[in-house]
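Student: First the structure, then my questions, so here it is.
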Amino acid sequence: MVAVLAGALLAGSFLALRVVAKPSTPVNTAETPRLLAAAPPFTCAGRTATGARQLRGMWLTTISNRDWPSKPGLDEKTVKAEFRSWLDLAQRMNHNAIFVHVRPSGDAFWPSRFAPWSYWLTGRADGRSPGWDPMAFMVAETHARSMEFHAWFNPYKAGQTGKLDGLAPDHPLRRHPEWAVTYPGPAESSSARIYYNPGIPEARRFVEDSILEVAEKYDIDGIHFDDFFYPYPSGEQDFPDDDAFARYGAGASRDDWRRANVNVFVQETYTRIKQIKPWVKFGISPFGIWRNKSTDARGSATSGLQSYDAIYADTRLWVTNGWLDYIVPQLYWHIGFEVADYSVLLPWWSKLVSGTNVQLYIGQADYRIGQKGVWGDPAELERQLALNRDHQVSGSIHFSARQVRDDPLGAVSRYRDAHYGTPALVPAMPHLPGVRPQPPAIAGAKRADATVTLTWRADSKPANTRHAIYRVDMSGQDPAQLLATVAGGTRTWVDKTAEPGRPYAYCVTTLDRLWNESPASPEQVVQS
């Protein structure tokens, strides 16, 4: 994640080249592809259910061991324990998704045919295996908590060095040095990094293959990119891709050619994910400004760096062409910031997704809490989340997990109490294939002091489902309240918040992997 607050306008042509990706992989039909209409509201004991539909998540960063693992080279038991503690935090926050940095720098947190093992995991620079599969563990643990797992990639970054001989011996760029670009130069500088060249079709396809390997091998819920495509500008240096441009530019301007390279990559990745597993979501978290209105009338009333021009990311095109399932602009600025006002950018993005199938989540700047100025006010993020409610926002992702855990200034606790006080279901995506499950049947409810133990029967496949538990306070007129979601294999749950002396009614629903919800079970009434 990079928060660039302002930048100069870049010269060049601004024509967005439209590209078409051709299918090349058979569609996986292991689950019936069927588009679903939105589920009608349901009732429990005659009361309308009121479960919030809002994605809530955090980015778990692995690069430089910012969040997890806490340092390189830890043993398997410690790494697993640390990951479980992050999931514990997510549950306390009433989150329902986690976004884990599995390819931070041309490396891998899984046994990959396309990338060496990550140093941030193994503590080794030789790319050797740690002897276990962190990806399989993370997916299973996350699903056991009834949360989504999104695999987060930096697509083109190939290493934390500027020199090929600084890469692991089995790194792909050792075999294909012609795909490598070092930027900014010189290669010996501490700021230099090696990238796969987005302008070389073979390199681009290889990067796609390395990402799609995860979708093929693991039961993930989403593929997620942040804002690293072409790197951010560094001084007066230009990205050194002269040879590739001479070979593949086909008469386009350099800027248009670079944008087209990124567009092809985004569309091909989306298309290929859907060919492998149509239900896997694809989302990108770009820099928060597409273009300024002073440059393009379609842009926002801002004056900061323009992702369209500076890093060749035509985010507007990706949304309007439907090459994403969700987009998460990094709105890492405060309300009222002159260069890039949160309250100006939020409605711009909301308007952009309106009428599309692309859901809008907002990247929230937890890392800025406690900085000078407005960010010294612990209520800033609380105000931003309140503003989100007035627009077409389907959720938020917080950067990063460390700040969510550390709760600087008490700001995290503050917005949690105001906005995440009760559980929420991930918004369904009716344009993706899913099958609405059949409702379960409650088998019994046993009351003991301040607890009620529910048991139920369900015919659904546990690996692909989850259950939601609703409660009605029969002594009042309140609607049915969502209390919890649990993994699909669960058949028992204990309500630890039941007050002695109050009569309750409970209902349980089943949700498929895409959060399409069944009707409610017949209610089970528990008397005082």
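Every chain in the structure tokens takes a letter, A first, then B, and so on in the order presented; its residues are numbered from 1, and the ligands are numbered from 1 following the presented order.
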Please report, as a tab-separated table, each residue of segment 158-245 of chain A lying at most 8 Å from segment 307-313 of chain A, together with the nearest pair of atoms and the separation in Å rounded to one decimal; use only C-alpha atoms, and order rows by chain and ascending residue number.
Tutor:
residue	atom	partner	partner_atom	distance
A:Phe229	CA	A:Ile311	CA	6.9
A:Tyr230	CA	A:Ile311	CA	5.2
A:Pro231	CA	A:Ile311	CA	6.2
A:Tyr232	CA	A:Ile311	CA	5.8
A:Pro233	CA	A:Ala310	CA	6.6
Student: Generate a file of the selected residues that holds N, CA and C atoms, formatted as a tab-separated table (two decimals), in the first residue's frame.
Tutor:
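Written out: again_4.tsv:
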chain	number	residue	atom	x	y	z
A	229	PHE	N	1.10	-1.65	-10.15
A	229	PHE	CA	1.17	-2.16	-11.51
A	229	PHE	C	2.49	-1.64	-12.08
A	230	TYR	N	2.48	-0.57	-12.87
A	230	TYR	CA	3.72	0.15	-13.08
A	230	TYR	C	4.04	0.87	-11.77
A	231	PRO	N	5.32	0.95	-11.41
A	231	PRO	CA	5.66	1.57	-10.12
A	231	PRO	C	5.38	3.07	-10.12
A	232	TYR	N	5.23	3.62	-8.92
A	232	TYR	CA	5.03	5.06	-8.78
A	232	TYR	C	6.26	5.81	-9.28
A	233	PRO	N	6.08	7.01	-9.85
A	233	PRO	CA	7.22	7.76	-10.39
A	233	PRO	C	8.26	8.07	-9.30
Student: Can you list every residue in segment 292-453 of chain A that DSSP puts in strand (DSSP E or B), as number ranges by chain?
Tutor: A: 292, 300, 326-327, 330, 359-364, 395-398, 424-425, 441-448, 451-453
Student: Got a sec to tell me which of segment 179-308 of chain A DSSP assigns to alpha helix (DSSP H), as number ranges by chain?
Tutor: A: 201-217, 242-248, 254-276, 307-308
Student: Any chance you could export the current selection's C-alpha atoms as a PDB file, in the first residue's frame?
Tutor:
ATOM      1  CA  PRO A 201       3.312 -10.470 -23.252  1.00  0.00           C
ATOM      2  CA  GLU A 202       5.173 -13.618 -22.148  1.00  0.00           C
ATOM      3  CA  ALA A 203       6.086 -12.025 -18.813  1.00  0.00           C
ATOM      4  CA  ARG A 204       2.534 -10.804 -18.305  1.00  0.00           C
ATOM      5  CA  ARG A 205       1.128 -14.270 -18.997  1.00  0.00           C
ATOM      6  CA  PHE A 206       3.618 -15.824 -16.599  1.00  0.00           C
ATOM      7  CA  VAL A 207       2.525 -13.442 -13.828  1.00  0.00           C
ATOM      8  CA  GLU A 208      -1.115 -14.320 -14.539  1.00  0.00           C
ATOM      9  CA  ASP A 209      -0.299 -18.024 -14.344  1.00  0.00           C
ATOM     10  CA  SER A 210       1.454 -17.563 -11.008  1.00  0.00           C
ATOM     11  CA  ILE A 211      -1.626 -15.865  -9.559  1.00  0.00           C
ATOM     12  CA  LEU A 212      -4.155 -18.284 -11.030  1.00  0.00           C
ATOM     13  CA  GLU A 213      -2.246 -21.193  -9.507  1.00  0.00           C
ATOM     14  CA  VAL A 214      -3.731 -20.162  -6.154  1.00  0.00           C
ATOM     15  CA  ALA A 215      -7.282 -20.139  -7.519  1.00  0.00           C
ATOM     16  CA  GLU A 216      -6.728 -23.601  -9.002  1.00  0.00           C
ATOM     17  CA  LYS A 217      -5.180 -25.198  -5.901  1.00  0.00           C
ATOM     18  CA  ASP A 242      12.397   1.202 -24.276  1.00  0.00           C
ATOM     19  CA  ASP A 243      13.120  -2.186 -25.847  1.00  0.00           C
ATOM     20  CA  ALA A 244       9.670  -3.585 -25.081  1.00  0.00           C
ATOM     21  CA  PHE A 245       7.979  -0.417 -26.327  1.00  0.00           C
ATOM     22  CA  ALA A 246       9.959  -0.535 -29.582  1.00  0.00           C
ATOM     23  CA  ARG A 247       8.941  -4.159 -30.087  1.00  0.00           C
ATOM     24  CA  TYR A 248       5.298  -4.087 -28.960  1.00  0.00           C
ATOM     25  CA  ARG A 254       4.116   5.313 -24.592  1.00  0.00           C
ATOM     26  CA  ASP A 255       1.422   6.254 -22.045  1.00  0.00           C
ATOM     27  CA  ASP A 256      -1.395   4.624 -24.005  1.00  0.00           C
ATOM     28  CA  TRP A 257       0.674   1.494 -24.552  1.00  0.00           C
ATOM     29  CA  ARG A 258       1.426   1.168 -20.833  1.00  0.00           C
ATOM     30  CA  ARG A 259      -2.227   1.657 -19.934  1.00  0.00           C
ATOM     31  CA  ALA A 260      -3.223  -0.945 -22.501  1.00  0.00           C
ATOM     32  CA  ASN A 261      -0.736  -3.396 -20.971  1.00  0.00           C
ATOM     33  CA  VAL A 262      -2.349  -2.985 -17.565  1.00  0.00           C
ATOM     34  CA  ASN A 263      -5.851  -3.173 -19.049  1.00  0.00           C
ATOM     35  CA  VAL A 264      -5.035  -6.437 -20.818  1.00  0.00           C
ATOM     36  CA  PHE A 265      -3.632  -7.836 -17.590  1.00  0.00           C
ATOM     37  CA  VAL A 266      -6.711  -6.879 -15.553  1.00  0.00           C
ATOM     38  CA  GLN A 267      -9.216  -8.177 -18.097  1.00  0.00           C
ATOM     39  CA  GLU A 268      -7.330 -11.414 -18.760  1.00  0.00           C
ATOM     40  CA  THR A 269      -6.971 -12.090 -15.040  1.00  0.00           C
ATOM     41  CA  TYR A 270     -10.701 -11.535 -14.492  1.00  0.00           C
ATOM     42  CA  THR A 271     -11.634 -13.733 -17.455  1.00  0.00           C
ATOM     43  CA  ARG A 272      -9.288 -16.539 -16.486  1.00  0.00           C
ATOM     44  CA  ILE A 273     -10.417 -16.575 -12.839  1.00  0.00           C
ATOM     45  CA  LYS A 274     -14.018 -17.015 -13.972  1.00  0.00           C
ATOM     46  CA  GLN A 275     -12.994 -19.812 -16.336  1.00  0.00           C
ATOM     47  CA  ILE A 276     -11.365 -21.705 -13.477  1.00  0.00           C
ATOM     48  CA  SER A 307      -3.306   7.022 -11.230  1.00  0.00           C
ATOM     49  CA  TYR A 308      -4.413   7.082 -14.880  1.00  0.00           C
TER      50      TYR A 308
END
Student: Would you pick out the contacts of segment 445-454 of chain A at 8 Å or less, using only C-alpha atoms, so that residues sharing its chain but fewer than 6 positions from it are not included, and give the list as a list in words?
Tutor: Thr492, Trp493, Val494, Asp495, Lys496, Thr497, Ala498, Glu499, Pro500, Gln524 and Val526 of chain A
Student: Using only C-alpha atoms, which residue out of A:Lys372, A:Ala49, A:Asp377, A:His391 lies closest to Ala480 of chain A?
Tutor: A:Ala49
Student: Within 12 Å of segment 455-468 of chain A, which residues of segment 344-435 of chain A come that close, and what is the closest atom pair and distance in Å for each? Count only C-alpha atoms and give it as a Markdown table.
Tutor:
| residue | atom | partner | partner_atom | distance |
| --- | --- | --- | --- | --- |
| A:Pro423 | CA | A:Ala468 | CA | 9.9 |
| A:Ala424 | CA | A:Ala468 | CA | 9.7 |
| A:Leu425 | CA | A:Ala468 | CA | 8.5 |
| A:Val426 | CA | A:Arg466 | CA | 11.6 |
| A:Gly434 | CA | A:Asn464 | CA | 10.4 |
| A:Val435 | CA | A:Thr465 | CA | 10.5 |
Student: Taking 2 positions as the minimum chain separation for residues in the same chain, which residues sit within 8 Å of Asn96 of chain A when counting only C-alpha atoms? Answer as a ChimeraX atom specification.
Tutor: /A:55-57,90-91,94,98,146-148,424-426
Student: For the residues selected in the previous step, produce a file with N, CA, C and O atoms as a PDB file, in the first residue's frame.
Tutor:
ATOM      1  N   LEU A  55     -19.342  -5.745   3.950  1.00  0.00           N
ATOM      2  CA  LEU A  55     -18.037  -6.369   4.064  1.00  0.00           C
ATOM      3  C   LEU A  55     -17.195  -5.568   5.054  1.00  0.00           C
ATOM      4  O   LEU A  55     -17.132  -4.343   4.987  1.00  0.00           O
ATOM      5  N   ARG A  56     -16.535  -6.283   5.968  1.00  0.00           N
ATOM      6  CA  ARG A  56     -15.636  -5.664   6.935  1.00  0.00           C
ATOM      7  C   ARG A  56     -14.360  -6.495   6.977  1.00  0.00           C
ATOM      8  O   ARG A  56     -14.422  -7.700   7.219  1.00  0.00           O
ATOM      9  N   GLY A  57     -13.237  -5.860   6.745  1.00  0.00           N
ATOM     10  CA  GLY A  57     -11.999  -6.619   6.718  1.00  0.00           C
ATOM     11  C   GLY A  57     -10.791  -5.777   7.037  1.00  0.00           C
ATOM     12  O   GLY A  57     -10.884  -4.559   7.240  1.00  0.00           O
ATOM     13  N   ALA A  90      -9.960 -10.319  14.294  1.00  0.00           N
ATOM     14  CA  ALA A  90     -10.999 -10.067  13.295  1.00  0.00           C
ATOM     15  C   ALA A  90     -12.378 -10.404  13.852  1.00  0.00           C
ATOM     16  O   ALA A  90     -13.350  -9.659  13.633  1.00  0.00           O
ATOM     17  N   GLN A  91     -12.487 -11.492  14.586  1.00  0.00           N
ATOM     18  CA  GLN A  91     -13.777 -11.850  15.177  1.00  0.00           C
ATOM     19  C   GLN A  91     -14.221 -10.848  16.233  1.00  0.00           C
ATOM     20  O   GLN A  91     -15.400 -10.499  16.300  1.00  0.00           O
ATOM     21  N   ASN A  94     -15.852  -8.005  14.699  1.00  0.00           N
ATOM     22  CA  ASN A  94     -16.998  -8.364  13.858  1.00  0.00           C
ATOM     23  C   ASN A  94     -16.672  -8.212  12.375  1.00  0.00           C
ATOM     24  O   ASN A  94     -17.532  -7.846  11.570  1.00  0.00           O
ATOM     25  N   ILE A  98     -10.747 -11.379   5.501  1.00  0.00           N
ATOM     26  CA  ILE A  98      -9.363 -10.993   5.737  1.00  0.00           C
ATOM     27  C   ILE A  98      -8.614 -11.073   4.411  1.00  0.00           C
ATOM     28  O   ILE A  98      -8.874 -11.960   3.594  1.00  0.00           O
ATOM     29  N   SER A 146     -15.942 -18.748   9.681  1.00  0.00           N
ATOM     30  CA  SER A 146     -17.020 -18.239   8.842  1.00  0.00           C
ATOM     31  C   SER A 146     -16.683 -16.891   8.219  1.00  0.00           C
ATOM     32  O   SER A 146     -17.532 -16.021   8.058  1.00  0.00           O
ATOM     33  N   MET A 147     -15.409 -16.733   7.848  1.00  0.00           N
ATOM     34  CA  MET A 147     -14.956 -15.509   7.186  1.00  0.00           C
ATOM     35  C   MET A 147     -14.419 -15.832   5.791  1.00  0.00           C
ATOM     36  O   MET A 147     -14.053 -16.977   5.503  1.00  0.00           O
ATOM     37  N   GLU A 148     -14.379 -14.798   4.943  1.00  0.00           N
ATOM     38  CA  GLU A 148     -13.808 -14.952   3.603  1.00  0.00           C
ATOM     39  C   GLU A 148     -12.292 -14.787   3.658  1.00  0.00           C
ATOM     40  O   GLU A 148     -11.766 -13.960   4.415  1.00  0.00           O
ATOM     41  N   ALA A 424     -22.200  -8.873  10.746  1.00  0.00           N
ATOM     42  CA  ALA A 424     -22.753  -8.530   9.429  1.00  0.00           C
ATOM     43  C   ALA A 424     -22.457  -9.656   8.452  1.00  0.00           C
ATOM     44  O   ALA A 424     -21.460 -10.368   8.582  1.00  0.00           O
ATOM     45  N   LEU A 425     -23.326  -9.799   7.466  1.00  0.00           N
ATOM     46  CA  LEU A 425     -23.114 -10.739   6.375  1.00  0.00           C
ATOM     47  C   LEU A 425     -22.416 -10.015   5.230  1.00  0.00           C
ATOM     48  O   LEU A 425     -22.676  -8.837   4.973  1.00  0.00           O
ATOM     49  N   VAL A 426     -21.538 -10.720   4.536  1.00  0.00           N
ATOM     50  CA  VAL A 426     -20.921 -10.155   3.337  1.00  0.00           C
ATOM     51  C   VAL A 426     -22.005  -9.929   2.289  1.00  0.00           C
ATOM     52  O   VAL A 426     -22.882 -10.782   2.100  1.00  0.00           O
TER      53      VAL A 426
END
Student: What is the distance between atom CA of Arg436 of chain A and atom CA of Gly355 of chain A, in Å to one decimal?
Tutor: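 According to the coordinates, atom CA of Arg436 of chain A and atom CA of Gly355 of chain A are separated by 23.7 Å.
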Student: Distance atom CA of Ala81 of chain A-atom CA of Trp110 of chain A, one decimal place?
Tutor: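 According to the coordinates, atom CA of Ala81 of chain A and atom CA of Trp110 of chain A are separated by 17.6 Å.
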Student: Between atom CA of Lys293 of chain A and atom CA of Gly336 of chain A, measure the distance and give it in Å to one decimal.
Tutor: 17.2 Å
Student: Restricting the calculation to only C-alpha atoms, which member of A:Tyr195, A:Pro104, A:Met138, A:Ala180 is positioned closest to Arg66 of chain A?
Tutor: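 Comparing A:Tyr195, A:Pro104, A:Met138, A:Ala180 against Arg66 of chain A, the winner is A:Pro104.
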Student: Using only C-alpha atoms, which residues sit within 7 Å of Val358 of chain A once same-chain residues fewer than 3 positions away are excluded, as a list in words?
Tutor: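 Near Val358 of chain A, the qualifying residues are Val319, Gly322, Leu324, Asp325, Tyr326, Ile327 and Val353 of chain A.
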Student: Would you mind exporting the chosen residues as a PDB file, in the first residue's frame, restricted to N, CA, C and O atoms?
Tutor:
ATOM      1  N   VAL A 319     -13.996  -0.566 -14.013  1.00  0.00           N
ATOM      2  CA  VAL A 319     -15.331  -0.626 -13.413  1.00  0.00           C
ATOM      3  C   VAL A 319     -16.403  -0.603 -14.491  1.00  0.00           C
ATOM      4  O   VAL A 319     -17.319  -1.429 -14.502  1.00  0.00           O
ATOM      5  N   GLY A 322     -16.737  -3.773 -16.324  1.00  0.00           N
ATOM      6  CA  GLY A 322     -17.097  -4.947 -15.532  1.00  0.00           C
ATOM      7  C   GLY A 322     -16.005  -5.979 -15.413  1.00  0.00           C
ATOM      8  O   GLY A 322     -16.280  -7.181 -15.354  1.00  0.00           O
ATOM      9  N   LEU A 324     -14.106  -6.325 -12.844  1.00  0.00           N
ATOM     10  CA  LEU A 324     -13.904  -6.547 -11.416  1.00  0.00           C
ATOM     11  C   LEU A 324     -15.220  -6.952 -10.784  1.00  0.00           C
ATOM     12  O   LEU A 324     -16.289  -6.632 -11.299  1.00  0.00           O
ATOM     13  N   ASP A 325     -15.135  -7.607  -9.633  1.00  0.00           N
ATOM     14  CA  ASP A 325     -16.316  -7.838  -8.802  1.00  0.00           C
ATOM     15  C   ASP A 325     -16.414  -6.795  -7.699  1.00  0.00           C
ATOM     16  O   ASP A 325     -17.509  -6.483  -7.240  1.00  0.00           O
ATOM     17  N   TYR A 326     -15.284  -6.264  -7.281  1.00  0.00           N
ATOM     18  CA  TYR A 326     -15.291  -5.184  -6.292  1.00  0.00           C
ATOM     19  C   TYR A 326     -14.060  -4.304  -6.496  1.00  0.00           C
ATOM     20  O   TYR A 326     -13.049  -4.738  -7.055  1.00  0.00           O
ATOM     21  N   ILE A 327     -14.161  -3.067  -6.051  1.00  0.00           N
ATOM     22  CA  ILE A 327     -13.039  -2.138  -6.100  1.00  0.00           C
ATOM     23  C   ILE A 327     -12.930  -1.443  -4.753  1.00  0.00           C
ATOM     24  O   ILE A 327     -13.944  -1.141  -4.107  1.00  0.00           O
ATOM     25  N   VAL A 353     -19.602   3.352  -9.504  1.00  0.00           N
ATOM     26  CA  VAL A 353     -20.074   1.959  -9.455  1.00  0.00           C
ATOM     27  C   VAL A 353     -21.583   1.855  -9.644  1.00  0.00           C
ATOM     28  O   VAL A 353     -22.086   0.751  -9.891  1.00  0.00           O
TER      29      VAL A 353
END
Student: What are the nearest atom pairs, with distances in Å to one decimal, for all residues of segment 40-139 of chain A that come at most 10 Å from segment 470-478 of chain A, using only C-alpha atoms, set out by chain and rising residue number as a tab-separated table?
Tutor:
residue	atom	partner	partner_atom	distance
A:Thr43	CA	A:Tyr470	CA	9.8
A:Cys44	CA	A:Val472	CA	7.2
A:Ala45	CA	A:Val472	CA	7.2
A:Gly46	CA	A:Val472	CA	9.2
A:Arg47	CA	A:Val472	CA	7.4
A:Thr48	CA	A:Asp478	CA	8.9
A:Ala49	CA	A:Tyr470	CA	7.5
A:Thr50	CA	A:Tyr470	CA	8.8
A:Gly51	CA	A:Tyr470	CA	8.3
